[in-house]
>>> print(open('coords_35.txt').read())   # compact mmCIF, C-alpha atoms
# COMPACT_ATOMS: atom_id res chain seq x y z
CA MET V 1 -12.97 10.14 -8.37
CA ASN V 2 -11.79 7.54 -5.85
CA ASN V 3 -13.77 6.51 -2.86
CA PRO V 4 -12.81 8.82 0.05
CA LEU V 5 -12.48 5.79 2.27
CA ALA V 6 -10.02 4.14 -0.11
CA LEU V 7 -7.72 7.12 0.19
CA ASP V 8 -7.26 6.45 3.93
CA ASP V 9 -7.45 2.66 4.05
CA ASN V 10 -4.08 2.38 5.78
CA GLN V 11 -4.90 4.94 8.46
CA LEU V 12 -8.35 3.48 9.10
CA ALA V 13 -7.00 -0.07 9.28
CA ALA V 14 -4.25 0.93 11.72
CA ARG V 15 -6.71 2.83 13.90
CA SER V 16 -9.19 -0.07 13.98
CA THR V 17 -6.41 -2.52 14.86
CA ARG V 18 -5.16 -0.21 17.61
CA TYR V 19 -8.64 0.12 19.13
CA PHE V 20 -9.06 -3.64 18.86
CA ALA V 21 -5.82 -4.10 20.80
CA VAL V 22 -6.82 -1.55 23.44
CA VAL V 23 -10.18 -3.23 24.11
CA THR V 24 -8.60 -6.67 24.17
CA LEU V 25 -5.86 -5.49 26.54
CA CYS V 26 -8.56 -4.32 28.93
CA LEU V 27 -10.54 -7.59 28.72
CA LEU V 28 -7.70 -10.10 28.92
CA PRO V 29 -6.81 -9.34 32.58
CA LEU V 30 -10.49 -9.62 33.45
CA ALA V 31 -10.64 -13.03 31.76
CA LEU V 32 -7.57 -14.16 33.69
CA ILE V 33 -9.11 -13.04 36.98
CA ILE V 34 -12.30 -15.00 36.23
CA ARG V 35 -10.28 -18.12 35.48
CA ILE V 36 -8.31 -17.74 38.70
CA ASN V 37 -11.56 -17.42 40.71
CA THR V 38 -13.03 -20.50 39.03
CA LYS V 39 -9.77 -22.40 39.67
CA LEU V 40 -9.15 -23.02 35.99
CA PRO V 41 -5.55 -23.46 34.88
CA ILE V 42 -4.06 -20.52 33.01
CA THR V 43 -2.05 -22.01 30.16
CA TRP V 44 0.88 -20.38 28.40
CA LEU V 45 -1.42 -19.57 25.46
CA TRP V 46 -3.02 -16.77 27.52
CA TYR V 47 0.34 -15.11 28.04
CA VAL V 48 1.13 -15.47 24.34
CA ALA V 49 -2.17 -13.76 23.55
CA LEU V 50 -1.37 -10.93 25.96
CA ALA V 51 2.06 -10.44 24.37
CA VAL V 52 0.67 -10.47 20.83
CA VAL V 53 -2.03 -7.92 21.69
CA ALA V 54 0.49 -5.64 23.41
CA PHE V 55 2.84 -5.91 20.42
CA SER V 56 0.00 -5.04 18.00
CA PHE V 57 -0.90 -1.98 20.05
CA PHE V 58 2.73 -0.84 20.10
CA VAL V 59 3.17 -1.28 16.32
CA THR V 60 -0.04 0.51 15.33
CA SER V 61 0.71 3.34 17.77
CA LYS V 62 4.19 3.90 16.33
CA LEU V 63 3.03 3.40 12.73
CA PRO V 64 -0.39 5.10 12.44
CA ARG V 65 -0.36 4.58 8.65
CA LEU V 66 0.74 0.94 8.66
CA LYS V 67 -0.33 -0.76 5.43
CA ALA V 68 -3.82 -2.24 5.57
CA LYS V 69 -2.67 -5.77 4.69
CA TYR V 70 -0.32 -5.81 7.69
CA CYS V 71 -3.09 -4.48 9.94
CA VAL V 72 -5.37 -7.28 8.77
CA ILE V 73 -2.65 -9.83 9.58
CA LEU V 74 -2.13 -8.32 13.06
CA ASN V 75 -5.86 -8.21 13.75
CA THR V 76 -6.40 -11.79 12.61
CA PHE V 77 -3.41 -13.02 14.62
CA MET V 78 -4.67 -11.22 17.74
CA ALA V 79 -8.13 -12.78 17.40
CA LEU V 80 -6.71 -16.27 16.89
CA CYS V 81 -4.36 -15.95 19.87
CA VAL V 82 -7.30 -14.94 22.08
CA LEU V 83 -9.82 -17.49 20.76
CA LEU V 84 -7.50 -20.50 20.89
CA PRO V 85 -6.91 -20.46 24.68
CA SER V 86 -10.61 -19.76 25.15
CA SER V 87 -11.45 -23.02 23.37
CA GLN V 88 -8.86 -24.82 25.46
CA THR V 89 -10.35 -23.41 28.67
CA ALA V 90 -13.88 -24.40 27.59
CA THR V 91 -12.76 -28.01 27.12
CA ILE V 92 -11.07 -28.13 30.53
CA ALA V 93 -14.08 -26.56 32.27
CA ALA V 94 -16.48 -29.01 30.62
CA GLN V 95 -14.37 -31.95 31.77
CA LYS V 96 -14.60 -30.61 35.35
CA ASN V 97 -18.29 -29.73 34.86
CA LEU V 98 -17.73 -26.15 36.04
CA PRO V 99 -20.57 -23.60 35.75
CA ILE V 100 -18.87 -20.99 33.56
CA SER V 101 -19.83 -19.08 30.44
CA TYR V 102 -18.56 -21.43 27.77
CA PHE V 103 -17.24 -19.64 24.69
CA GLY V 104 -17.78 -16.34 26.48
CA THR V 105 -14.65 -15.00 24.82
CA TYR V 106 -16.12 -15.87 21.42
CA LYS V 107 -19.23 -13.86 22.22
CA VAL V 108 -17.25 -10.81 23.32
CA MET V 109 -14.91 -11.08 20.35
CA SER V 110 -17.87 -11.23 17.97
CA VAL V 111 -19.12 -7.89 19.27
CA ILE V 112 -15.65 -6.32 19.16
CA ILE V 113 -15.03 -7.54 15.61
CA ALA V 114 -18.40 -6.25 14.41
CA LEU V 115 -17.63 -2.78 15.77
CA LEU V 116 -13.87 -2.58 15.14
CA ALA V 117 -13.10 -4.81 12.16
CA PRO V 118 -10.27 -3.20 10.18
CA PHE V 119 -10.40 -2.11 6.58
CA PRO V 120 -10.69 -3.85 4.14
CA HIS V 121 -13.82 -5.45 5.57
CA TYR V 122 -13.21 -9.02 4.44
CA ALA V 123 -11.08 -9.38 7.59
CA GLY V 124 -14.16 -8.82 9.77
CA TYR V 125 -16.21 -11.37 7.86
CA LEU V 126 -13.36 -13.88 8.09
CA LEU V 127 -13.01 -13.50 11.87
CA LEU V 128 -16.76 -13.68 12.43
CA SER V 129 -16.86 -16.85 10.36
CA LEU V 130 -14.35 -18.34 12.77
CA CYS V 131 -16.49 -17.28 15.74
CA LEU V 132 -19.51 -18.86 14.06
CA LEU V 133 -17.98 -22.18 12.96
CA VAL V 134 -15.26 -23.05 15.50
CA PRO V 135 -17.55 -23.58 18.57
CA PRO V 136 -19.92 -26.10 16.90
CA ILE V 137 -16.97 -27.92 15.31
CA GLN V 138 -15.23 -28.13 18.68
CA VAL V 139 -18.37 -29.32 20.48
CA LEU V 140 -19.56 -31.82 17.89
CA LEU V 141 -16.16 -33.33 17.05
CA PHE V 142 -13.88 -32.85 20.05
CA SER V 143 -15.72 -31.83 23.24
CA PRO V 144 -19.34 -33.06 23.26
CA GLU V 145 -19.41 -32.77 27.07
CA ILE V 146 -19.72 -28.97 26.64
CA ILE V 147 -23.36 -29.42 25.60
CA HIS V 148 -24.31 -31.04 28.91
CA ALA V 149 -22.07 -28.81 31.04
CA SER V 150 -23.61 -25.67 29.53
CA GLY V 151 -27.19 -26.88 29.90
CA HIS V 152 -27.56 -27.42 26.13
CA TYR V 153 -27.05 -23.68 25.47
CA GLU V 154 -23.74 -24.08 23.71
CA PRO V 155 -22.58 -23.81 21.00
CA TRP V 156 -25.94 -22.49 19.78
CA MET V 157 -25.88 -19.32 21.88
CA THR V 158 -22.41 -18.42 20.61
CA MET V 159 -23.57 -18.97 17.03
CA CYS V 160 -26.47 -16.57 17.64
CA TYR V 161 -24.02 -13.92 18.85
CA SER V 162 -21.93 -14.43 15.71
CA LEU V 163 -24.93 -14.13 13.40
CA VAL V 164 -26.03 -10.90 15.07
CA ALA V 165 -22.44 -9.63 14.78
CA PHE V 166 -22.57 -10.36 11.04
CA LEU V 167 -25.64 -8.12 10.75
CA VAL V 168 -23.99 -5.36 12.81
CA LEU V 169 -20.84 -5.48 10.67
CA HIS V 170 -22.89 -5.40 7.46
CA HIS V 171 -24.87 -2.41 8.72
CA ARG V 172 -21.64 -0.65 9.69
CA ILE V 173 -20.14 -1.21 6.23
CA SER V 174 -23.33 -0.01 4.50
CA THR V 175 -23.38 3.14 6.63
CA LEU V 176 -19.73 3.90 5.86
CA ARG V 177 -20.31 3.41 2.14
CA LEU V 178 -23.32 5.72 2.24
CA HIS V 179 -21.25 8.32 4.08
CA ALA V 180 -18.48 7.97 1.49
CA ASN V 181 -20.94 8.44 -1.37
CA LEU V 182 -22.35 11.58 0.27
CA ILE V 183 -18.83 13.02 0.67
CA GLU V 184 -18.06 12.22 -2.96
CA SER V 185 -21.28 13.89 -4.15
CA GLN V 186 -20.59 17.01 -2.06
CA THR V 187 -17.02 17.18 -3.35
CA LYS V 188 -18.15 16.91 -6.97
CA GLU V 189 -20.79 19.60 -6.42
CA LYS V 190 -18.25 21.94 -4.83
CA SER V 191 -15.79 21.22 -7.63
CA LEU V 192 -18.39 22.21 -10.22
CA ARG V 193 -19.22 25.41 -8.35
CA ASP V 194 -15.55 26.37 -8.09
CA PHE V 195 -15.00 25.58 -11.76
CA ALA V 196 -17.97 27.78 -12.67
CA ASP V 197 -16.45 30.62 -10.63
CA VAL V 198 -13.12 30.21 -12.44
CA ALA V 199 -14.89 30.17 -15.81
CA MET V 200 -16.74 33.39 -14.97
CA ALA V 201 -13.49 35.01 -13.83
CA LEU V 202 -11.80 34.00 -17.10
CA ARG V 203 -14.72 35.40 -19.06
CA ASP V 204 -14.53 38.73 -17.24
CA LEU V 205 -10.76 38.95 -17.71
CA THR V 206 -10.92 38.30 -21.46
CA ASN V 207 -14.12 40.18 -22.26
CA THR V 208 -12.71 43.73 -22.14
CA PRO V 209 -9.55 43.01 -24.18
CA LEU V 210 -11.61 41.28 -26.85
CA GLN V 211 -13.97 44.23 -27.09
CA SER V 212 -10.98 46.56 -27.38
CA LEU V 213 -9.49 44.42 -30.16
CA ASP V 214 -12.76 44.51 -32.07
CA LEU V 215 -12.86 48.30 -31.71
CA ILE V 216 -9.24 48.71 -32.90
CA THR V 217 -9.95 46.43 -35.86
CA ASP V 218 -12.93 48.57 -36.87
CA LEU V 219 -10.88 51.78 -36.53
CA LEU V 220 -8.10 50.37 -38.69
CA ARG V 221 -10.55 49.17 -41.29
CA GLU V 222 -12.08 52.64 -41.52
CA GLU V 223 -8.56 54.21 -41.40
CA LYS V 224 -9.51 56.44 -38.49
CA ILE V 225 -6.25 55.76 -36.62
CA SER V 226 -2.68 55.22 -37.75
CA GLN V 227 -0.76 51.99 -37.40
CA LYS V 228 1.42 53.52 -34.69
CA GLN V 229 -1.63 54.50 -32.67
CA ALA V 230 -3.15 51.04 -33.21
CA SER V 231 0.11 49.40 -32.05
CA GLU V 232 0.12 51.43 -28.84
CA LEU V 233 -3.53 50.62 -28.20
CA LEU V 234 -2.94 46.92 -28.85
CA SER V 235 0.01 46.89 -26.44
CA ARG V 236 -2.09 48.43 -23.66
CA THR V 237 -5.08 46.24 -24.45
CA THR V 238 -3.33 42.89 -24.39
CA TYR V 239 -1.47 43.33 -21.09
CA ARG V 240 -4.34 41.68 -19.23
CA LEU V 241 -4.21 38.70 -21.59
CA ARG V 242 -0.45 38.43 -21.13
CA ASP V 243 -0.88 38.43 -17.33
CA LEU V 244 -3.54 35.75 -17.63
CA MET V 245 -1.29 33.58 -19.80
CA GLN V 246 1.49 33.98 -17.24
CA VAL V 247 -0.81 32.78 -14.45
CA LEU V 248 -1.90 29.77 -16.51
CA SER V 249 1.70 28.95 -17.37
CA GLU V 250 2.69 29.05 -13.67
CA GLN V 251 -0.19 26.76 -12.81
CA GLN V 252 0.83 24.32 -15.55
CA LYS V 253 4.38 24.12 -14.16
CA LYS V 254 3.01 23.62 -10.63
CA ILE V 255 0.75 20.79 -11.81
CA ALA V 256 3.66 19.13 -13.59
CA ARG V 257 5.75 19.24 -10.39
CA GLN V 258 2.92 17.82 -8.28
CA GLN V 259 2.32 14.98 -10.74
CA VAL V 260 5.96 13.98 -10.40
CA GLN V 261 6.11 14.27 -6.60
CA GLU V 262 2.67 13.13 -5.46
CA SER V 263 -0.92 12.58 -6.52
CA MET V 264 -2.56 15.83 -7.59
CA ASN V 265 -5.35 17.40 -5.56
CA SER V 266 -7.54 18.97 -8.21
CA MET V 267 -9.53 20.99 -5.72
CA ASP V 268 -6.40 22.74 -4.44
CA ILE V 269 -5.30 23.56 -7.99
CA ILE V 270 -8.68 25.09 -8.79
CA ARG V 271 -8.67 27.15 -5.59
CA GLN V 272 -5.15 28.40 -6.23
CA ALA V 273 -5.96 29.27 -9.81
CA PHE V 274 -9.14 31.08 -8.81
CA GLY V 275 -7.26 33.02 -6.12
CA SER V 276 -4.55 34.07 -8.58
CA ILE V 277 -7.08 35.22 -11.13
CA ASN V 278 -8.98 37.21 -8.54
CA ASN V 279 -5.77 38.89 -7.40
CA TYR V 280 -4.97 39.94 -10.94
CA GLY V 281 -8.51 41.23 -11.41
CA LYS V 282 -8.24 43.36 -8.24
CA LYS V 283 -4.84 44.72 -9.29
CA ASP V 284 -6.16 45.81 -12.67
CA ASP V 285 -9.18 47.47 -11.09
>>> encode(input="coords_35.txt", output="structure tokens")
Amino acid sequence: MNNPLALDDNQLAARSTRYFAVVTLCLLPLALIIRINTKLPITWLWYVALAVVAFSFFVTSKLPRLKAKYCVILNTFMALCVLLPSSQTATIAAQKNLPISYFGTYKVMSVIIALLAPFPHYAGYLLLSLCLLVPPIQVLLFSPEIIHASGHYEPWMTMCYSLVAFLVLHHRISTLRLHANLIESQTKEKSLRDFADVAMALRDLTNTPLQSLDLITDLLREEKISQKQASELLSRTTYRLRDLMQVLSEQQKKIARQQVQESMNSMDIIRQAFGSINNYGKKDD
């Protein structure tokens, strides 16, 4: 049986990407206001990020079952479009020696990614790796003045946020897998119980006709009834078996149609079969 999560990967990925876009849409205006108050220039990259996030929200809202690979691309592109202007702003602020939260966007994005990373989960690990590695690379290779402007807190504080986000994402994935395994175990248990009910119903439906056939065979062997009488008794005795065979034949045709049109849901087939058998048992009673 497939993992229950795998059956809905597209829906889960689209939902995670949509939530990611919603949260980012709420935070981007706040980030712009902070930059205006600190007299930092707002480059065109911020407006590109806002447009990309709004587009991602629109797409995932209109296509709630967008394929997971496209959701991963959208989510990654959103994160990059938000992180890139943040790095640019950190460099400008360090050059002006402004007292701001350097790489603050990276910290917030780390938390958002840990909680809302889309399925499959490698996307979350990839984005968190960027949040972990980009700040020290930028500081050590391109903008060493950030260390002094931030009071020697950066990029180490941002890296700590990213490491904690890794743990949160790992815990989230482990919890989801445990939940999926529990659902799978419960489904298998219910399937076995339903199959046992169907088997008992089949046994009850066939038990009486078989007993009648044994009795007719004994009567014929002892020549206590005529062939005409035996024929009439056999005709009345086997009607239940003929009805049962008709039900099974209908179910076989239904399964064949479902296999052609879509993936078969075995639990539904068992429930339908059990319901049909019960109906026939009540009619005969």
>>> closest_atom_pairs(input="coords_35.txt", of="segment 130-204 of chain V", to="segment 87-95 of chain V", cutoff="6 Å", atoms="all atoms listed in the file", output="tab-separated table")
residue	atom	partner	partner_atom	distance
V:Glu145	CA	V:Ala94	CA	5.9
V:Ile146	CA	V:Ala94	CA	5.1
V:Ala149	CA	V:Ala94	CA	5.6
>>> write_last_selection(input="coords_35.txt", atoms="C-alpha atoms", output="mmCIF file, in the coordinates of the input")
data_model
loop_
_atom_site.group_PDB
_atom_site.id
_atom_site.type_symbol
_atom_site.label_atom_id
_atom_site.label_comp_id
_atom_site.auth_asym_id
_atom_site.auth_seq_id
_atom_site.Cartn_x
_atom_site.Cartn_y
_atom_site.Cartn_z
ATOM 1 C CA GLU V 145 -19.410 -32.770 27.070
ATOM 2 C CA ILE V 146 -19.720 -28.970 26.640
ATOM 3 C CA ALA V 149 -22.070 -28.810 31.040
#
>>> closest_residue(input="coords_35.txt", among="V:Ile147, V:Ala49, V:Leu215, V:Val23", to="Ser86 of chain V", atoms="all atoms listed in the file")
V:Ala49
>>> residues_around(input="coords_35.txt", residues="Trp156 of chain V", least_positions_apart="5", cutoff="10 Å", atoms="only C-alpha atoms", output="PyMOL selection string")
chain V and resi 132+135-136+147+161-162
>>> residues_around(input="coords_35.txt", residues="Val72 of chain V", least_positions_apart="6", cutoff="9 Å", atoms="all atoms listed in the file", output="CSV table (one decimal) with C-alpha atoms, in the coordinates of the input")
chain,number,residue,atom,x,y,z
V,13,ALA,CA,-7.0,-0.1,9.3
V,14,ALA,CA,-4.2,0.9,11.7
V,17,THR,CA,-6.4,-2.5,14.9
V,117,ALA,CA,-13.1,-4.8,12.2
V,118,PRO,CA,-10.3,-3.2,10.2
V,119,PHE,CA,-10.4,-2.1,6.6
V,120,PRO,CA,-10.7,-3.8,4.1
V,123,ALA,CA,-11.1,-9.4,7.6
V,124,GLY,CA,-14.2,-8.8,9.8
>>> closest_residue(input="coords_35.txt", among="V:Phe58, V:Tyr102, V:Tyr125, V:Trp44", to="Gly151 of chain V", atoms="only C-alpha atoms")
V:Tyr102
>>> closest_residue(input="coords_35.txt", among="V:Cys71, V:Ala79, V:Leu32, V:Val53", to="Gln11 of chain V", atoms="only C-alpha atoms")
V:Cys71
>>> atom_distance(input="coords_35.txt", atom1="atom CA of Leu98 of chain V", atom2="atom CA of Ile36 of chain V")
12.9 Å
>>> atom_distance(input="coords_35.txt", atom1="atom CA of Ile42 of chain V", atom2="atom CA of Leu27 of chain V")
15.1 Å
>>> residues_around(input="coords_35.txt", residues="Ile173 of chain V", least_positions_apart="4", cutoff="12 Å", atoms="all atoms listed in the file", output="mmCIF file with C-alpha atoms, in the coordinates of the input")
data_model
loop_
_atom_site.group_PDB
_atom_site.id
_atom_site.type_symbol
_atom_site.label_atom_id
_atom_site.label_comp_id
_atom_site.auth_asym_id
_atom_site.auth_seq_id
_atom_site.Cartn_x
_atom_site.Cartn_y
_atom_site.Cartn_z
ATOM 1 C CA LEU V 5 -12.480 5.790 2.270
ATOM 2 C CA ALA V 114 -18.400 -6.250 14.410
ATOM 3 C CA LEU V 115 -17.630 -2.780 15.770
ATOM 4 C CA LEU V 116 -13.870 -2.580 15.140
ATOM 5 C CA ALA V 117 -13.100 -4.810 12.160
ATOM 6 C CA PRO V 118 -10.270 -3.200 10.180
ATOM 7 C CA PHE V 119 -10.400 -2.110 6.580
ATOM 8 C CA PRO V 120 -10.690 -3.850 4.140
ATOM 9 C CA HIS V 121 -13.820 -5.450 5.570
ATOM 10 C CA TYR V 122 -13.210 -9.020 4.440
ATOM 11 C CA GLY V 124 -14.160 -8.820 9.770
ATOM 12 C CA TYR V 125 -16.210 -11.370 7.860
ATOM 13 C CA PHE V 166 -22.570 -10.360 11.040
ATOM 14 C CA LEU V 167 -25.640 -8.120 10.750
ATOM 15 C CA VAL V 168 -23.990 -5.360 12.810
ATOM 16 C CA LEU V 169 -20.840 -5.480 10.670
ATOM 17 C CA ARG V 177 -20.310 3.410 2.140
ATOM 18 C CA LEU V 178 -23.320 5.720 2.240
ATOM 19 C CA HIS V 179 -21.250 8.320 4.080
ATOM 20 C CA ALA V 180 -18.480 7.970 1.490
#
>>> closest_residue(input="coords_35.txt", among="V:Ala199, V:Ile137, V:Cys160, V:Val59", to="Asn75 of chain V", atoms="all atoms listed in the file")
V:Val59
>>> atom_distance(input="coords_35.txt", atom1="atom CA of Arg35 of chain V", atom2="atom CA of Ile100 of chain V")
9.3 Å
>>> closest_residue(input="coords_35.txt", among="V:Asn37, V:Leu74, V:Trp46, V:Thr158", to="Ala21 of chain V", atoms="only C-alpha atoms")
V:Leu74
>>> decode(input="coords_35.txt", residues="segment 178-199 of chain V", atoms="N, CA and C atoms", output="PDB file, in the first residue's frame")
ATOM      1  N   LEU V 178       5.408   9.498  10.833  1.00  0.00           N
ATOM      2  CA  LEU V 178       4.785   8.681  11.871  1.00  0.00           C
ATOM      3  C   LEU V 178       3.274   8.683  11.709  1.00  0.00           C
ATOM      4  N   HIS V 179       2.709   9.857  11.432  1.00  0.00           N
ATOM      5  CA  HIS V 179       1.263   9.958  11.222  1.00  0.00           C
ATOM      6  C   HIS V 179       0.832   9.129  10.019  1.00  0.00           C
ATOM      7  N   ALA V 180       1.631   9.169   8.953  1.00  0.00           N
ATOM      8  CA  ALA V 180       1.307   8.389   7.758  1.00  0.00           C
ATOM      9  C   ALA V 180       1.349   6.896   8.044  1.00  0.00           C
ATOM     10  N   ASN V 181       2.342   6.460   8.823  1.00  0.00           N
ATOM     11  CA  ASN V 181       2.432   5.037   9.169  1.00  0.00           C
ATOM     12  C   ASN V 181       1.256   4.594  10.022  1.00  0.00           C
ATOM     13  N   LEU V 182       0.804   5.464  10.936  1.00  0.00           N
ATOM     14  CA  LEU V 182      -0.359   5.125  11.757  1.00  0.00           C
ATOM     15  C   LEU V 182      -1.612   4.990  10.894  1.00  0.00           C
ATOM     16  N   ILE V 183      -1.793   5.916   9.937  1.00  0.00           N
ATOM     17  CA  ILE V 183      -2.946   5.833   9.041  1.00  0.00           C
ATOM     18  C   ILE V 183      -2.899   4.554   8.224  1.00  0.00           C
ATOM     19  N   GLU V 184      -1.699   4.215   7.739  1.00  0.00           N
ATOM     20  CA  GLU V 184      -1.559   2.993   6.936  1.00  0.00           C
ATOM     21  C   GLU V 184      -1.889   1.754   7.754  1.00  0.00           C
ATOM     22  N   SER V 185      -1.413   1.723   9.017  1.00  0.00           N
ATOM     23  CA  SER V 185      -1.698   0.573   9.882  1.00  0.00           C
ATOM     24  C   SER V 185      -3.192   0.457  10.175  1.00  0.00           C
ATOM     25  N   GLN V 186      -3.844   1.593  10.449  1.00  0.00           N
ATOM     26  CA  GLN V 186      -5.285   1.570  10.709  1.00  0.00           C
ATOM     27  C   GLN V 186      -6.068   1.133   9.478  1.00  0.00           C
ATOM     28  N   THR V 187      -5.626   1.580   8.299  1.00  0.00           N
ATOM     29  CA  THR V 187      -6.309   1.193   7.067  1.00  0.00           C
ATOM     30  C   THR V 187      -6.167  -0.296   6.816  1.00  0.00           C
ATOM     31  N   LYS V 188      -4.972  -0.838   7.028  1.00  0.00           N
ATOM     32  CA  LYS V 188      -4.768  -2.273   6.836  1.00  0.00           C
ATOM     33  C   LYS V 188      -5.620  -3.081   7.815  1.00  0.00           C
ATOM     34  N   GLU V 189      -5.667  -2.611   9.073  1.00  0.00           N
ATOM     35  CA  GLU V 189      -6.466  -3.324  10.077  1.00  0.00           C
ATOM     36  C   GLU V 189      -7.941  -3.317   9.703  1.00  0.00           C
ATOM     37  N   LYS V 190      -8.443  -2.165   9.260  1.00  0.00           N
ATOM     38  CA  LYS V 190      -9.846  -2.081   8.859  1.00  0.00           C
ATOM     39  C   LYS V 190     -10.114  -2.927   7.629  1.00  0.00           C
ATOM     40  N   SER V 191      -9.146  -2.967   6.708  1.00  0.00           N
ATOM     41  CA  SER V 191      -9.304  -3.791   5.515  1.00  0.00           C
ATOM     42  C   SER V 191      -9.416  -5.258   5.882  1.00  0.00           C
ATOM     43  N   LEU V 192      -8.611  -5.701   6.835  1.00  0.00           N
ATOM     44  CA  LEU V 192      -8.674  -7.099   7.268  1.00  0.00           C
ATOM     45  C   LEU V 192     -10.006  -7.409   7.949  1.00  0.00           C
ATOM     46  N   ARG V 193     -10.486  -6.460   8.765  1.00  0.00           N
ATOM     47  CA  ARG V 193     -11.772  -6.691   9.427  1.00  0.00           C
ATOM     48  C   ARG V 193     -12.909  -6.784   8.413  1.00  0.00           C
ATOM     49  N   ASP V 194     -12.898  -5.870   7.429  1.00  0.00           N
ATOM     50  CA  ASP V 194     -13.945  -5.909   6.405  1.00  0.00           C
ATOM     51  C   ASP V 194     -13.860  -7.176   5.567  1.00  0.00           C
ATOM     52  N   PHE V 195     -12.638  -7.619   5.263  1.00  0.00           N
ATOM     53  CA  PHE V 195     -12.480  -8.845   4.492  1.00  0.00           C
ATOM     54  C   PHE V 195     -12.990 -10.051   5.285  1.00  0.00           C
ATOM     55  N   ALA V 196     -12.741 -10.043   6.608  1.00  0.00           N
ATOM     56  CA  ALA V 196     -13.252 -11.135   7.439  1.00  0.00           C
ATOM     57  C   ALA V 196     -14.778 -11.140   7.440  1.00  0.00           C
ATOM     58  N   ASP V 197     -15.391  -9.951   7.477  1.00  0.00           N
ATOM     59  CA  ASP V 197     -16.855  -9.884   7.419  1.00  0.00           C
ATOM     60  C   ASP V 197     -17.383 -10.436   6.096  1.00  0.00           C
ATOM     61  N   VAL V 198     -16.713 -10.098   4.994  1.00  0.00           N
ATOM     62  CA  VAL V 198     -17.135 -10.601   3.687  1.00  0.00           C
ATOM     63  C   VAL V 198     -16.984 -12.116   3.634  1.00  0.00           C
ATOM     64  N   ALA V 199     -15.868 -12.622   4.172  1.00  0.00           N
ATOM     65  CA  ALA V 199     -15.652 -14.071   4.166  1.00  0.00           C
ATOM     66  C   ALA V 199     -16.730 -14.788   4.964  1.00  0.00           C
TER      67      ALA V 199
END
